[in-house]
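Here's the structure, in C-alpha cells; my notes come after.
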Amino acid sequence: ATILREDYQAYPFEISKVALKFNLEPDTTRVSSTLHVKSKSVSAQDMYLHGEELELIDVSINDVPLQANDYHLDEDGLTIFNCSGNFTLSITCSNKPEINKTLMGLYRSGGHFYTQCEAEGFRRITFYPDRPDVMSEFEVTLIADKNTYPVLLSNGNLLSQEDLADGYHQAVWHDPFKKPAYLFALVAGAFDLREKTSKLADGREVLLQIYSDQGTYDQTAWALESLERSIRWDETRFNLSLDLDRFMVVAVSDFNMGAMENKGLNIFNTAYVLANPQTATDANYAGIEAVIGHEYFHNWTGNRVTCRDWFQLSLKEGLTVFREQEFSADMMSMGLTEDMAKTARAVKRIADVSLLKTHQFPEDASPMAHPIRPNSYEEISNFYTSTIYEKGAEIIRMLHTMLGEEVFQQGMKEYFRRHDGQAVTCDDFLNAMEWAYQQHQADADLTIFRRWYSQAGTPNVAVESHYDASSQQLVLTMKQRCPKVGVETLQPDVDKLPFHIPIAFALVSKDGKALPFEFNGGHYDEVLLHLTDEQQTFVFERVENDPIPSLVRNFSAPVTIDYDYTQEELMTLAAHDSDHYNRWEAVQRIVSDEIKRLYALDNLSDYDYKTVAIDPKIIDLWSRNLLDPALDAAYRSELLTLPNIKILLEQIEAVDPQRLALAYDLLECSLGYHLQKQWWSNYIELNIDTPYKVNAIEVGHRKLKNLALKQLVAIHDPKALSTAEMQFNQANNMTDRLAALSALVNYTEDSCDCLPLNKFFESYQHNPLVVDKWFALQASSPKTELQHVKGLMAHPAFNLSNPNRARSLIFQFCLNNIHGFHRPDGKSYLFWADQVLQIDEFNPEIAARLARVLDNWSHYAEPYQSLMKGALEQIAAQENTSKNLREIVNKTLHIT
Ligand code: ARG
Ligand code: ZN
C-alpha cells in the first residue's frame with residue numbers, strides 16, 4: 001500500500017512511560033512491555049500497535065487479560081478495541097533473533113545481540129506504535145547468560161546490575177529523554193572496551209566508550225578520539241552539549257547501513273569504527289571521523305528534535321549531513337594557515353560535490369527521483385537515499401550561504417527553543433530559519449525556497465552574457481529549467497515552479513585577475529545573486545574588461561550550469577579563479593569535453609594512449625599543475641584527477657558504456673604517458689619515509705604520491721612496476737600498500753591470480769574489513785570478468801548474508817566495474833538479477849539497494865538498454881518478492 005504524506009494523522013494516545021523486559025535467548029527472545037497510556041480524546045478509540053514476525057503470548061489492560069474479541073491480530077500488527085482514559089497496557093511476546101537475517105529489529109551477529117530499529121524495526125521486537133511522533137520514557141531490563149553476554153547495554157544511564165540464578169544476570173537502564181521507538185537499542189555480548197572520561201565545556205565529566213569485538217582493541221583509538229572531537233566541535237560551533245552522563249558506541253560486523261544514532265548507544269558498522277594504520281586507509285580514517293560525528297550530531301538534530309513522520313526524514317538527515325560536512329572541513333583545516341585552511345576546505349567541498357554528482361544527480365534523473373521531502377512511498381527503507389541525505393545537505397547549505405553563519409546559528413537556536421523534545425516537520429525548521437533571516441533582513445522570504453522540499457530534479461541554469469565596453473556594463477541573463485522527473489511525470493495537473501537558486505558570482509579578467517564590479521549600487525568582488533524566476537536579467541556596472549563569469553562559486557546551489565565558455569576562458573579559470581572550487585570545476589569541464597571528444601571519434605578503438613592525439617593544452621595544464629610548488633598536494637591531486645566516470649555516463653545521451661570506458665582510459669593513460677617525468681618528480685618528492693600520521697597535509701601527500709604511482713603503472717613504466725611492488729611490500733600503512741596493490745591489479749595482465757593479491761589475502765585473512773578490501777579491489781578492476789566474480793563468490797571467505805561482504809564483491813562489480821558489468825551479451829545483468837533475488841529472500845533492504853544499480857537503464861544505448869530492461873523484467877515477473885524490491889523495480893520500469 002502506498003503511504004501518503006497528506007494522510008498524516010496524530011496518534012490518538014500518549015504513552016508517558018514504557019518498561020521493557022528482555023529475556024535474551026538466541027532462538028526465542030521473550031519481551032514483556034508495560035505501557036502507561038493516556039487517551040487523547042474522551043470517547044473510546046481503537047489502539048493500533050505495529051508488530052511483525054512476532055508471537056503474541058499475552059496482552060492485558062490494567063492487569064486484566066484481554067479476551068479474543070477485545071483485539072484483532074494480523075501480520076502487520078495488533079488492534080485493541082475501545083480504549084479510553086488512562087490505562088496500563090502489558091504485552092508479552094517473543095521474536096526470533098538467530099534466524100533474523102534482515103538485520104532489522106533484534107538480531108545476532110558473531111554470537112552477540114544487537115538491534116536496528118530505524119525506520120521500522122522496533123515492530124519486529126515487540127508490539128508498539130512504531131512511529132516517530134510517539135515519544136516515551138524508556139526503562140529497559142536485560143536478562144541474559146552472564147558468561148556469554150557479560151556486557152548488557154541499552155539507552156541512557158545504567159540504574160542497576162545484578163546476578164541472577166543459573167548463571168544469568170540482569171541490567172536495568174533508564175533513558176531520561178523521551179524518544180520514539182526507532183531510537184531504542186540494546187546490545188548484549190562480550191567486548192573489548194576502550195573508554196575515557198572527558199570534561200565538557202560546562203565542567204561536567206562524561207564517560208565515552210567504544211565497544212568492539214574481542215581482539216579489536218588496537219583498532220578503536222581513532223574512533224574514540226573522533227568522538228571526543230565531535231563533542232568539542234558541537235559545543236564550539238553550534239553551542240550544543242552532550243546531555244547524558246555517558247555516550248556509548250558499539251561496532252557490529254553485520255549492519256545494513258553505516259551507523260545508527262540510538263540515544264546514548266550508537267551502533268556502528270565496524271567499517272566506520274575500526275582502524276589502525278596497518279588495516280585502514282586514509283579514506284577509512286576520514287569516513288570514521290565523519291560518521292562518528294554524524295551519529296553524535298544526531299543527538300540534537302534527530303533525537304532531541306525528531307521527525308513527525310518519515311516524510312520528514314531529511315529534516316534530520318540533510319541537516320546532520322551538513323553538520324558532518326562542516327565538522328570534517330573544520331577538522332581538516334584545523335591548525336593550518338589561513339590560505340592553507342581555505343584550500344583544505346575546498347578539497348572537502350570538492351569531495352562532497354563529487355559524491356553528489358556521482359550518486360545524487362543520476363538519482364535525480366531517474367525514475368526513482370523524489371523531492372527531499374517525498375509525498376509518498378511504499379517502503380521507507382527505500383528512501384534512505386542520496387537525495388534525502390546529500391541533496392538534503394545541499395539545501396541546508398544554501399540556507400547557510402544565504403543567511404550567513406551568524407544568522408544561521410540564530411535560526412538553529414530558535415529551532416531548538418521552539419521544538420526541543422518534539423517531533424516536527426521540515427516546515428517547522430524552515431519557519432525558525434525564516435524568522436532568524438527576517439530578524440536580520442526585514443523583507444527576507446523563503447516562500448520560493450521551500451520548493452526545494454517539494455520538487456525533484458536537478459535544475460539547469462542557462463546563462464548568457466553581454467558585455468558593452470563603452471558603457472562598461474555586463475548584462476547576464478539566466479534561465480532555469482527543470483523538467484518533471486520520477487513520480488512528477490505521473491502528475492499532469494501539478495505545475496513545476498521555479499526554484500530559488502542562490503548563485504555565488506564573481507568576475508575574472510581574461511588575464512586571470514579578479515574584476516571588481518558594481519551591482520545594485522554596491523561594490524563587490526563577489527556577490528550572491530538570487531535567481532527566483534524562470535528567467536532573470538542581472539546588470540553589472542563599471543566592469544573594466546570583457547570578463548569571464550565565475551558562476552555558482554563553491555557550488556552554491558545543486559544545479560548544472562550551461563554557459564558557452566571558450567576553452568581559453570576555461571583555461572583562465574582553471575589557472576586563476578580565486579574560488580578553489582570553481583578552479584577545479586573549470587578543469588573538470590575541460591577534461592569532460594576532451595573525453596566526450598574522444599568518445600565521439602569514429603575510429604576510437606584504433607588508438608592506444610601513445611598514438612591518440614590529446615589536446616596539447618590539456619597536457620600543458622596538467623604539467624603546470626603537476627609542477628606548481630604553490631599548490632597544496634591534496635588540492636593538486638583533485639586538479640589532476642578525472643571526473644568519476646559515472647558523472648560522464650549521465651551526461652551523454654544513449655551512452656555506450658564500453659566506448660566511454662575506452663575513451664576515459666585513453667585520456668587517463670595518455671596523461672600518464674605524456675607527463676611521465678612530472679609524475680615521477682612528484683612521486684620521488686613525496687615518497688619519504690615518515691611515521692604514519694593522519695592530517696590534511698600527510699593525507700594530501702599520500703594521495704598525490706599514489707596518484708602518480710597509478711599513472712605510471714598504467715603505462716607500464718618498468719621502473720614504476722618495481723616501485724609499486726616495493727611500495728606494496730615495504731609500506732608502513734594500508735593506504736600506501738593498497739594503492740600499490742590496486743595499481744598493479746588494475747593495470748597489469750593476469751592480475752587476478754597475481755602474487756601480491758595472494759600475499760595480501762594471506763596476511764590479512766583474519767581481518768574482515770581488509771578481506772572486504774581484497775574482494776572490492778578485484779571486483780572493481782577492469783581486468784576482472786564476470787567469471788572471476790563468480791569464482792570469488794565460491795571463495796570460503798565469501799558470505800552473501802554479510803552486507804559488507806556482499807557490497808565488497810557484488811555491489812562493487814555492478815557499480816564500479818564498467819567493463820565487466822556492461823557486457824554486450826547481457827550476462828552480467830542476469831547475474832545481477834540472480835543476486836538481487838537471492839538476497840531478497842533474507843535481506844530485502846540490501847536487495848532493494850542492489851536493485852537500484854539499473855535505475856538509469858533507459859539512458860543507455862542498445863543493446864545495453866534492452867538487456868537491462870530484460871533483467872529488470874525478470875525480477876518484476878517473480879512472485880513473492882519483498883515490498884522493498886517491488887517498489888524499486890516497479891518504479892524503475894514505470895509500472896504503477
Ligand atoms: N539514521 C541512520 C543514519 O543516517 C540511518 C539508519 C537507517 N537504517 C536503515 N535500516 N535504513 O545515521
Ligand atoms: Zn543520519
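Here, A, B, ... name the chains of the C-alpha cells in the order displayed, residue numbers run from 1 inside each chain, and ligands are numbered from 1 in the same displayed order.
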Exercise for review: Per DSSP on the backbone, filter range 207-259 of chain A down to the residues in alpha helix (DSSP H) and report them as JSON, numbers by chain.
Suggested key: {"A": [221, 222, 223, 224, 225, 226, 227, 228, 229, 230, 231, 232, 233, 234, 235, 236, 237, 238]}
File dump, residues just selected, all heavy atoms, as a compact mmCIF listing (two decimals), in the first residue's frame:
```txt
# COMPACT_ATOMS: atom_id res chain seq x y z
N ALA A 221 41.18 3.33 18.75
CA ALA A 221 41.66 4.62 19.27
C ALA A 221 41.12 5.80 18.46
O ALA A 221 40.66 6.80 19.01
CB ALA A 221 43.19 4.64 19.28
N TRP A 222 41.17 5.66 17.15
CA TRP A 222 40.74 6.77 16.29
C TRP A 222 39.25 7.10 16.48
O TRP A 222 38.86 8.27 16.51
CB TRP A 222 41.03 6.43 14.83
CG TRP A 222 40.60 7.47 13.85
CD1 TRP A 222 39.53 7.42 13.01
CD2 TRP A 222 41.25 8.73 13.59
NE1 TRP A 222 39.46 8.56 12.24
CE2 TRP A 222 40.50 9.38 12.58
CE3 TRP A 222 42.37 9.38 14.11
CZ2 TRP A 222 40.85 10.65 12.07
CZ3 TRP A 222 42.72 10.63 13.60
CH2 TRP A 222 41.96 11.25 12.60
N ALA A 223 38.45 6.08 16.66
CA ALA A 223 37.01 6.31 16.86
C ALA A 223 36.77 7.09 18.15
O ALA A 223 35.98 8.04 18.18
CB ALA A 223 36.26 4.99 16.89
N LEU A 224 37.49 6.71 19.20
CA LEU A 224 37.30 7.42 20.48
C LEU A 224 37.77 8.87 20.37
O LEU A 224 37.10 9.79 20.84
CB LEU A 224 38.03 6.67 21.61
CG LEU A 224 37.78 7.20 23.03
CD1 LEU A 224 36.30 7.18 23.39
CD2 LEU A 224 38.58 6.40 24.06
N GLU A 225 38.91 9.07 19.71
CA GLU A 225 39.39 10.45 19.51
C GLU A 225 38.38 11.24 18.68
O GLU A 225 38.10 12.41 18.96
CB GLU A 225 40.73 10.45 18.76
CG GLU A 225 41.91 9.96 19.59
CD GLU A 225 43.13 9.62 18.71
OE1 GLU A 225 43.29 10.22 17.63
OE2 GLU A 225 43.90 8.73 19.12
N SER A 226 37.83 10.60 17.67
CA SER A 226 36.86 11.29 16.81
C SER A 226 35.62 11.67 17.60
O SER A 226 35.05 12.75 17.39
CB SER A 226 36.45 10.40 15.64
OG SER A 226 37.57 10.08 14.84
N LEU A 227 35.21 10.79 18.51
CA LEU A 227 34.03 11.08 19.32
C LEU A 227 34.29 12.31 20.20
O LEU A 227 33.45 13.21 20.30
CB LEU A 227 33.67 9.85 20.18
CG LEU A 227 32.49 10.03 21.13
CD1 LEU A 227 31.22 10.42 20.37
CD2 LEU A 227 32.25 8.73 21.93
N GLU A 228 35.45 12.35 20.79
CA GLU A 228 35.75 13.48 21.65
C GLU A 228 35.81 14.78 20.83
O GLU A 228 35.30 15.82 21.25
CB GLU A 228 37.07 13.24 22.39
CG GLU A 228 37.13 14.03 23.67
CD GLU A 228 38.32 13.65 24.54
OE1 GLU A 228 39.25 13.00 24.04
OE2 GLU A 228 38.31 14.02 25.74
N ARG A 229 36.40 14.70 19.65
CA ARG A 229 36.45 15.89 18.78
C ARG A 229 35.04 16.33 18.37
O ARG A 229 34.76 17.52 18.27
CB ARG A 229 37.28 15.60 17.52
CG ARG A 229 38.77 15.60 17.76
CD ARG A 229 39.53 15.72 16.44
NE ARG A 229 39.38 14.53 15.60
CZ ARG A 229 40.18 13.47 15.66
NH1 ARG A 229 41.18 13.46 16.52
NH2 ARG A 229 39.98 12.43 14.88
N SER A 230 34.16 15.35 18.13
CA SER A 230 32.78 15.69 17.74
C SER A 230 32.08 16.46 18.85
O SER A 230 31.37 17.44 18.59
CB SER A 230 31.97 14.42 17.45
OG SER A 230 32.62 13.61 16.51
N ILE A 231 32.31 15.99 20.08
CA ILE A 231 31.65 16.64 21.22
C ILE A 231 32.15 18.08 21.36
O ILE A 231 31.36 19.02 21.49
CB ILE A 231 31.91 15.82 22.51
CG1 ILE A 231 31.22 14.46 22.40
CG2 ILE A 231 31.44 16.58 23.74
CD1 ILE A 231 31.56 13.48 23.51
N ARG A 232 33.47 18.25 21.28
CA ARG A 232 34.05 19.60 21.35
C ARG A 232 33.49 20.50 20.26
O ARG A 232 33.15 21.65 20.47
CB ARG A 232 35.57 19.58 21.13
CG ARG A 232 36.40 18.91 22.15
CD ARG A 232 36.51 19.67 23.46
NE ARG A 232 37.02 18.71 24.43
CZ ARG A 232 36.25 17.93 25.19
NH1 ARG A 232 34.94 18.06 25.17
NH2 ARG A 232 36.78 17.04 25.98
N TRP A 233 33.47 19.95 19.07
CA TRP A 233 33.07 20.76 17.90
C TRP A 233 31.62 21.21 18.02
O TRP A 233 31.30 22.38 17.76
CB TRP A 233 33.25 19.95 16.61
CG TRP A 233 32.90 20.72 15.37
CD1 TRP A 233 33.71 21.58 14.68
CD2 TRP A 233 31.65 20.71 14.68
NE1 TRP A 233 33.04 22.10 13.60
CE2 TRP A 233 31.77 21.59 13.57
CE3 TRP A 233 30.43 20.05 14.88
CZ2 TRP A 233 30.72 21.81 12.67
CZ3 TRP A 233 29.39 20.28 13.99
CH2 TRP A 233 29.53 21.15 12.90
N ASP A 234 30.73 20.32 18.47
CA ASP A 234 29.32 20.71 18.57
C ASP A 234 29.14 21.77 19.65
O ASP A 234 28.26 22.62 19.55
CB ASP A 234 28.42 19.49 18.84
CG ASP A 234 27.10 19.58 18.09
OD1 ASP A 234 26.95 20.48 17.24
OD2 ASP A 234 26.20 18.75 18.36
N GLU A 235 30.00 21.72 20.66
CA GLU A 235 29.95 22.77 21.68
C GLU A 235 30.39 24.12 21.13
O GLU A 235 29.74 25.15 21.35
CB GLU A 235 30.86 22.40 22.88
CG GLU A 235 30.31 21.25 23.71
CD GLU A 235 31.18 20.92 24.93
OE1 GLU A 235 32.41 21.13 24.87
OE2 GLU A 235 30.63 20.46 25.93
N THR A 236 31.50 24.11 20.38
CA THR A 236 32.04 25.41 19.95
C THR A 236 31.28 25.96 18.74
O THR A 236 30.95 27.14 18.72
CB THR A 236 33.53 25.32 19.60
OG1 THR A 236 33.78 24.07 18.97
CG2 THR A 236 34.39 25.41 20.84
N ARG A 237 30.99 25.13 17.78
CA ARG A 237 30.40 25.69 16.55
C ARG A 237 28.88 25.86 16.67
O ARG A 237 28.32 26.82 16.16
CB ARG A 237 30.76 24.77 15.37
CG ARG A 237 30.22 25.17 14.03
CD ARG A 237 31.14 26.05 13.22
NE ARG A 237 30.44 26.52 12.03
CZ ARG A 237 30.65 26.04 10.80
NH1 ARG A 237 31.58 25.13 10.58
NH2 ARG A 237 29.94 26.50 9.78
N PHE A 238 28.19 24.93 17.35
CA PHE A 238 26.73 25.01 17.43
C PHE A 238 26.20 25.29 18.83
O PHE A 238 25.00 25.34 19.04
CB PHE A 238 26.09 23.72 16.88
CG PHE A 238 25.96 23.70 15.38
CD1 PHE A 238 27.06 23.45 14.57
CD2 PHE A 238 24.73 23.95 14.77
CE1 PHE A 238 26.94 23.44 13.18
CE2 PHE A 238 24.60 23.93 13.39
CZ PHE A 238 25.70 23.69 12.59
```
Using only C-alpha atoms and all ligand atoms, find each residue with an atom at most 8 Å away from ligand 1 and format the answer as a ChimeraX atom specification.
/A:103-104,116-119,121,256-261,291,294-295,298,317,380-382,384,389,845
Extract, using only C-alpha atoms, all DNA, RNA and protein residues at most 9 Å from range 820-823 of chain A, discarding same-chain residues fewer than 3 positions from it, and format them as a list in words.
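Returned residues: Pro657, Gln658, Ala779, Ser780, Ser781, Pro782, Lys783, Thr784, Glu785, Leu786, Phe813, Cys814, Leu815, Asn816, Asn817, Gly826, Lys827, Ser828, Tyr829, Trp832 and Tyr864 of chain A.
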Surrounding residues of Thr216 in chain A excluding itself and chain neighbours under 2 positions, 10 Å, only C-alpha atoms, as a compact mmCIF listing (two decimals) with C-alpha atoms, in the first residue's frame:
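Result saved to around-v1.txt:
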```txt
# COMPACT_ATOMS: atom_id res chain seq x y z
CA PHE A 191 33.52 -6.97 24.01
CA ASP A 192 36.75 -5.11 24.15
CA LEU A 193 36.15 -1.72 25.68
CA TYR A 211 32.77 -1.40 22.43
CA SER A 212 34.06 -3.75 19.74
CA ASP A 213 34.62 -7.47 19.14
CA GLN A 214 37.22 -9.11 21.30
CA ASP A 218 44.03 -1.94 18.86
CA GLN A 219 41.63 -0.60 16.21
CA THR A 220 39.43 1.69 18.29
CA LEU A 274 37.80 0.02 13.37
CA ALA A 275 41.07 1.44 12.11
CA ASN A 276 44.75 1.35 12.66
CA ASN A 767 40.66 -9.02 9.49
```
List the spatial neighbours of Val889 in chain A as a PDB file with C-alpha atoms, in the first residue's frame - criterion: any atom at most 7 Å away, only C-alpha atoms, same-chain residues fewer than 4 positions off excluded.
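result-v5.pdb, written as the output of this step:
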```pdb
ATOM      1  CA  LEU A 872      14.573  -5.860 -14.572  1.00  0.00           C
ATOM      2  CA  ALA A 876       9.347  -7.913 -11.865  1.00  0.00           C
ATOM      3  CA  LEU A 885      12.237  -4.792  -4.054  1.00  0.00           C
ATOM      4  CA  LEU A 893      10.119   0.077 -15.098  1.00  0.00           C
TER       5      LEU A 893
END
```
Would you mind listing what lies within 9 Å of Gln409 in chain A as an NGL selection string, with only C-alpha atoms counted and same-chain residues fewer than 5 positions away left out? :A and (237-239 or 400 or 404 or 414 or 433 or 436)
Would you pick out the contacts of Gln45 in chain A at 8 Å or less, using only C-alpha atoms, so that residues sharing its chain but fewer than 4 positions from it are not included, and give the list as a ChimeraX atom specification?
/A:12,81-84
Counting only C-alpha atoms and all ligand atoms, the residue among A:Ile372, A:Met248, A:Leu200, A:Ala290 that lies closest to ligand 2 is A:Ala290
Find the distance between CA of Gln838 in chain A and CA of Leu800 in chain A and write it in Å to one decimal.
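Calculated distance between CA of Gln838 in chain A and CA of Leu800 in chain A is 9.0 Å.
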One decimal place gives the CA of Thr337 in chain A-CA of Leu642 in chain A separation as 28.3 Å
